[in-house]
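Enquirer: Please see the structure below; I have some questions.
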Amino acid sequence: ALRRSAQKGDARLGSPLACPQAKGDPAVGTSSPSEATGPRVQLRIGVNVLLWWALNVVFNLCNKHCLNTWPHPWALATSYWLIGSLCMLPLYVPLPVGERMPDGKREWVAVRQVPRLSRSEIRVVAPVVGLLCVGHATSTLAPAYGTVAFSNIIKTAEPLFTCVFSYMFYRRVFALRTYVSLLLVVSGVVLFSTSDVDFSMYTLVAGTISNAAYAMYSIRAKHTLEVLGRLPPRAMYALLTFGGCITLAPFALIFELTGTGASRLVASSGKRLSGWPLAGLLIFTGLMQYLSNEIAFCTLSVIHPVTYAVTNTLKRSIVVAVSLLVFGSRLPPLGLLGASMAIAGAFAYSLSMHYVAEGRRKSNAKL
């Protein structure tokens, strides 16, 4: 009875965010249904996207501040997941709801149901969790040695790895315009890297590894979402986050004890925090990352892939612009041109993939 009540938690207690279930999740590269319609639904989706942008910008800025303040990048990457999971944990605790029944008992309902997996489902999830750990750790570490703008420009090259892995594992070949758009992205990244005064080889390598891991993660997640389609997006994200935290923790402990990465951390001229102010910053940053990713995971599971691609590209543009303003960084003309080329190429890639998906949909409709 408790399990049945928990499954009704979202509907009974409500949620400030719309998170309807979909057959696929554009956030991880799967097919998705048509974009939701209706003014109220569209308004809620718009609000969620704006929240995702705002929270992600705040996280990127706070993450850089944490990296400049506390020289333990691997511990930071793990703590973000741990803090986010702990902050969300009370939502899975059953609470009394409604009036007492004639027998004096009350119904206990959790805001969110606890994900339950079989052994076979765990074997399906495990590789996805591993890839997510690599992508999360390297994307968190990359800004430690370079600028936030540089690390986000590197992330625009992620579709390149998606195409490479799609051909390697599925022999899938894309349209010529798709590869042209990726060439524009790579050219922009190279131009930006060679002209950025704060260029860091470590940031370039870490960002590239992150791109490869996240691209492979998106491909593997397709099958995972099919197997675990019974779970709502919020439960799926919570499962991946908690599993990733447990997996990453021992590696982070080894790297921190050996001093790997921390010894070359870029020194910051800003004020360093310690004690409770530092703890507050860590908790706030971890919560911002969890909420940002959860909102994106939920919202993007019900919007069209091209809408996701556009919002993701715009998000990176906003992060780059805000970080340049906050940290007082300056881009030379060639760097600005390279950043524009990379963002434009990512946008063109998104449109190209949208046209391919539309062509297949129309072909299937005719059949």
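Within each chain, counting starts at residue 1; across the structure tokens, chains are named A, B, ... in the order shown, with ligands numbered 1 upward in that order.
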For the alpha helix (DSSP H) assignment from backbone DSSP, which residues of segment 37-151 of chain A qualify? Please present them as a ChimeraX atom specification.

Expert: /A:39-69,73-88,119-141,148-151

Enquirer: Env of Arg116 of chain A: 10 Å cut, atoms = only C-alpha atoms, seq-sep filter 4 positions within chain, self excluded. Answer as a JSON list (two decimals) with C-alpha atoms, in the first residue's frame.

Expert:
[["chain", "number", "residue", "atom", "x", "y", "z"],
["A", 121, "GLU", "CA", 17.92, -3.23, -14.98],
["A", 122, "ILE", "CA", 20.93, -2.39, -12.82],
["A", 231, "LEU", "CA", 10.18, 5.62, -14.37],
["A", 235, "ALA", "CA", 13.16, 9.47, -10.75],
["A", 239, "LEU", "CA", 18.81, 7.38, -9.88]]

Enquirer: Please run DSSP on the backbone and report, as a PyMOL selection string, all residues within segment 97-149 of chain A that come out as strand (DSSP E).

Expert: chain A and resi 97+107-109

Enquirer: Check which residues of segment 75-173 of chain A sit at most 7 Å from segment 315-337 of chain A using only C-alpha atoms, and return one row each with the closest pair of atoms and their distance in Å to one decimal, ordered by chain and rising number, as CSV.

Expert:
residue,atom,partner,partner_atom,distance
A:Val148,CA,A:Ser323,CA,6.2
A:Ala149,CA,A:Val320,CA,4.4
A:Asn152,CA,A:Arg316,CA,6.3

Enquirer: Skip segment 284-295 of chain A itself and residues of its chain fewer than 3 positions away, then list as a CSV table (one decimal) with N, CA and C atoms, in the first residue's frame all residues within 8 Å of it, counting only C-alpha atoms.

Expert:
chain,number,residue,atom,x,y,z
A,17,LEU,N,7.1,22.3,-10.9
A,17,LEU,CA,7.5,22.1,-12.2
A,17,LEU,C,6.8,21.1,-13.0
A,48,ASN,N,10.1,26.9,-17.2
A,48,ASN,CA,11.1,25.9,-16.9
A,48,ASN,C,12.5,26.1,-17.6
A,49,VAL,N,12.4,26.5,-18.9
A,49,VAL,CA,13.6,26.7,-19.7
A,49,VAL,C,14.3,27.9,-19.1
A,51,LEU,N,14.2,29.0,-16.1
A,51,LEU,CA,14.8,28.5,-14.8
A,51,LEU,C,16.1,27.7,-15.0
A,52,TRP,N,16.1,26.9,-16.0
A,52,TRP,CA,17.2,26.0,-16.4
A,52,TRP,C,18.4,26.9,-16.8
A,53,TRP,N,18.1,27.9,-17.6
A,53,TRP,CA,19.2,28.9,-18.0
A,53,TRP,C,19.8,29.6,-16.8
A,55,LEU,N,19.6,28.9,-13.5
A,55,LEU,CA,20.3,28.1,-12.6
A,55,LEU,C,21.7,27.6,-13.1
A,56,ASN,N,21.7,27.3,-14.4
A,56,ASN,CA,23.0,26.8,-15.0
A,56,ASN,C,24.0,27.9,-15.0
A,58,VAL,N,24.2,30.4,-12.9
A,58,VAL,CA,24.6,30.6,-11.5
A,58,VAL,C,25.6,29.5,-11.1
A,59,PHE,N,25.3,28.2,-11.5
A,59,PHE,CA,26.1,27.1,-11.2
A,59,PHE,C,27.5,27.3,-11.8
A,62,CYS,N,29.4,29.9,-9.8
A,62,CYS,CA,29.7,29.4,-8.5
A,62,CYS,C,30.8,28.3,-8.5
A,63,ASN,N,30.7,27.4,-9.5
A,63,ASN,CA,31.7,26.4,-9.7
A,63,ASN,C,33.1,26.9,-9.9
A,79,SER,N,31.1,16.2,-4.4
A,79,SER,CA,30.2,16.8,-3.4
A,79,SER,C,29.0,17.4,-4.1
A,80,TYR,N,29.1,17.9,-5.3
A,80,TYR,CA,27.9,18.5,-6.0
A,80,TYR,C,26.8,17.4,-6.1
A,81,TRP,N,27.2,16.2,-6.5
A,81,TRP,CA,26.2,15.2,-6.6
A,81,TRP,C,25.6,14.8,-5.2
A,82,LEU,N,26.5,14.7,-4.2
A,82,LEU,CA,26.1,14.3,-2.9
A,82,LEU,C,25.2,15.3,-2.3
A,83,ILE,N,25.6,16.6,-2.4
A,83,ILE,CA,24.8,17.7,-1.8
A,83,ILE,C,23.4,17.7,-2.5
A,84,GLY,N,23.4,17.6,-3.8
A,84,GLY,CA,22.1,17.6,-4.5
A,84,GLY,C,21.2,16.5,-4.1
A,85,SER,N,21.8,15.3,-4.0
A,85,SER,CA,21.0,14.1,-3.6
A,85,SER,C,20.4,14.3,-2.2
A,87,CYS,N,19.8,17.0,-0.6
A,87,CYS,CA,18.8,18.1,-0.5
A,87,CYS,C,17.5,17.6,-1.1
A,234,ARG,N,12.1,12.6,-13.4
A,234,ARG,CA,12.7,13.0,-12.1
A,234,ARG,C,13.3,11.8,-11.4
A,237,TYR,N,16.5,10.7,-13.3
A,237,TYR,CA,17.7,11.6,-13.0
A,237,TYR,C,18.2,11.4,-11.6
A,280,GLY,N,28.7,26.9,2.9
A,280,GLY,CA,27.5,27.4,2.3
A,280,GLY,C,27.6,27.5,0.8
A,281,LEU,N,28.8,27.9,0.3
A,281,LEU,CA,28.9,28.0,-1.1
A,281,LEU,C,28.9,26.7,-1.8
A,298,CYS,N,13.7,17.1,-17.1
A,298,CYS,CA,12.2,17.0,-17.1
A,298,CYS,C,11.6,17.8,-18.3
A,299,THR,N,12.0,19.0,-18.5
A,299,THR,CA,11.4,19.9,-19.5
A,299,THR,C,11.8,19.4,-20.9
